[in-house]
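Okay, target15.cif now, which holds mmCIF, C-alpha atoms and all ligand atoms:
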```cif
data_final
loop_
_atom_site.label_atom_id
_atom_site.label_comp_id
_atom_site.auth_asym_id
_atom_site.auth_seq_id
_atom_site.Cartn_x
_atom_site.Cartn_y
_atom_site.Cartn_z
CA MET A 1 -18.67 -12.01 3.03
CA PHE A 2 -15.72 -9.69 2.54
CA THR A 3 -17.60 -6.66 3.76
CA ASN A 4 -15.69 -4.85 6.47
CA ALA A 5 -12.79 -7.26 6.16
CA LEU A 6 -9.38 -5.82 6.71
CA GLU A 7 -7.02 -6.70 3.89
CA GLU A 8 -3.34 -6.92 4.70
CA VAL A 9 -1.24 -5.49 1.88
CA SER A 10 2.52 -5.08 1.53
CA VAL A 11 3.77 -1.87 -0.03
CA ASP A 12 7.22 -0.37 -0.58
CA CYS A 13 7.81 2.92 1.19
CA PRO A 14 8.44 5.67 -1.41
CA TYR A 15 11.02 7.25 0.90
CA CYS A 16 13.16 4.48 2.37
CA GLY A 17 12.13 1.57 0.11
CA GLU A 18 11.36 -0.77 3.01
CA THR A 19 8.42 -3.12 2.61
CA ILE A 20 5.73 -2.38 5.13
CA ASP A 21 2.44 -4.13 5.84
CA VAL A 22 -0.70 -2.05 6.01
CA PHE A 23 -4.30 -2.98 6.71
CA ILE A 24 -6.89 -1.75 4.24
CA ASP A 25 -10.55 -1.36 5.14
CA GLY A 26 -12.24 -3.61 2.57
CA SER A 27 -15.63 -1.93 2.99
CA VAL A 28 -14.58 1.31 1.29
CA SER A 29 -13.87 1.02 -2.44
CA GLU A 30 -12.00 4.31 -2.86
CA GLN A 31 -9.71 5.67 -0.19
CA GLN A 32 -6.95 8.19 0.12
CA TYR A 33 -5.12 8.89 3.32
CA ILE A 34 -1.76 9.67 4.85
CA GLU A 35 -0.03 7.21 7.12
CA ASP A 36 3.47 7.41 8.51
CA CYS A 37 5.99 4.79 7.39
CA GLN A 38 6.60 2.25 10.14
CA VAL A 39 10.34 2.34 9.37
CA CYS A 40 11.30 5.94 8.57
CA CYS A 41 8.20 7.69 10.02
CA ARG A 42 7.73 9.89 6.97
CA PRO A 43 4.16 10.50 5.75
CA ILE A 44 3.11 8.21 2.90
CA ASN A 45 0.14 9.16 0.75
CA PHE A 46 -1.94 6.00 0.18
CA VAL A 47 -4.41 5.76 -2.68
CA VAL A 48 -6.50 2.59 -2.45
CA HIS A 49 -8.93 1.12 -4.95
CA ILE A 50 -10.99 -2.01 -4.35
CA ASP A 51 -12.90 -3.51 -7.26
CA GLU A 52 -16.04 -5.69 -7.32
CA GLN A 53 -13.96 -8.84 -6.87
CA GLN A 54 -12.48 -7.33 -3.69
CA THR A 55 -9.13 -7.03 -5.41
CA VAL A 56 -7.20 -4.42 -3.51
CA SER A 57 -4.75 -2.18 -5.34
CA VAL A 58 -2.67 0.28 -3.38
CA ASN A 59 -0.53 3.07 -4.77
CA VAL A 60 1.83 5.01 -2.55
CA PHE A 61 3.27 8.45 -3.16
CA HIS A 62 5.50 10.98 -1.51
CA GLU A 63 3.46 13.47 0.46
CA ASN A 64 4.16 16.22 -2.07
CA GLU A 65 3.51 14.18 -5.21
ZN ZN B 101 9.95 4.57 5.00
#
```

Rendering of file as structure tokens:
Amino acid sequence: MFTNALEEVSVDCPYCGETIDVFIDGSVSEQQYIEDCQVCCRPINFVVHIDEQQTVSVNVFHENE
């Protein structure tokens, strides 16, 4: 049912602290990628984990962390 669903998640930018909304691909349980902040345009390192209950947890890091 949730397969391939896009989950909308709010995260705080590690650079400017603004809350930004990102869409997570719910079909992939472990993901890591870089996406530029929508506010300050600096590259945020996203680490995403989705468990069996489709609970999405997102951690964000500075590019160099
Ligand atoms: Zn930012």

Name the residues in contact with Val22 in chain A at a cut-off of 12 Å, using all atoms listed in the file, excluding same-chain residues fewer than 2 positions from it; report them as JSON, numbers by chain. {"A": [6, 7, 8, 9, 10, 11, 12, 13, 19, 20, 24, 25, 34, 35, 36, 37, 38, 44, 46, 48, 56, 58, 59, 60]}

Keeping only C-alpha atoms, take the residues you just selected and write them out as a short mmCIF file (atom, residue, chain, number, x, y, z; two decimals), in the frame of the given file.
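Full text of part27.cif as output:
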```
data_model
loop_
_atom_site.label_atom_id
_atom_site.label_comp_id
_atom_site.auth_asym_id
_atom_site.auth_seq_id
_atom_site.Cartn_x
_atom_site.Cartn_y
_atom_site.Cartn_z
CA LEU A 6 -9.38 -5.82 6.71
CA GLU A 7 -7.02 -6.70 3.89
CA GLU A 8 -3.34 -6.92 4.70
CA VAL A 9 -1.24 -5.49 1.88
CA SER A 10 2.52 -5.08 1.53
CA VAL A 11 3.77 -1.87 -0.03
CA ASP A 12 7.22 -0.37 -0.58
CA CYS A 13 7.81 2.92 1.19
CA THR A 19 8.42 -3.12 2.61
CA ILE A 20 5.73 -2.38 5.13
CA ILE A 24 -6.89 -1.75 4.24
CA ASP A 25 -10.55 -1.36 5.14
CA ILE A 34 -1.76 9.67 4.85
CA GLU A 35 -0.03 7.21 7.12
CA ASP A 36 3.47 7.41 8.51
CA CYS A 37 5.99 4.79 7.39
CA GLN A 38 6.60 2.25 10.14
CA ILE A 44 3.11 8.21 2.90
CA PHE A 46 -1.94 6.00 0.18
CA VAL A 48 -6.50 2.59 -2.45
CA VAL A 56 -7.20 -4.42 -3.51
CA VAL A 58 -2.67 0.28 -3.38
CA ASN A 59 -0.53 3.07 -4.77
CA VAL A 60 1.83 5.01 -2.55
#
```

Interatomic distance, CA of Gly17 in chain A to CA of Cys41 in chain A (Å, one decimal):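 Going from CA of Gly17 in chain A over to CA of Cys41 in chain A covers 12.3 Å.
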
Give me, as JSON, numbers by chain, the set of residues whose atoms come within 6 Å of any atom of ligand ZN 101 (chain B), counting only C-alpha atoms and all ligand atoms. {"A": [13, 15, 16, 18, 37, 39, 40]}

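CA of His62 in chain A is found 12.9 Å from CA of Gln32 in chain A.
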
What does the distance from CA of His49 in chain A to CA of Phe61 in chain A come to in Å, to one decimal?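 CA of Phe61 in chain A lies 14.3 Å from CA of His49 in chain A.
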
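Using only C-alpha atoms for every distance, the candidate list A:Pro14, A:Asp21, A:Gln31, A:Gly26 yields A:Gly26 as the residue closest to Gln53 in chain A.
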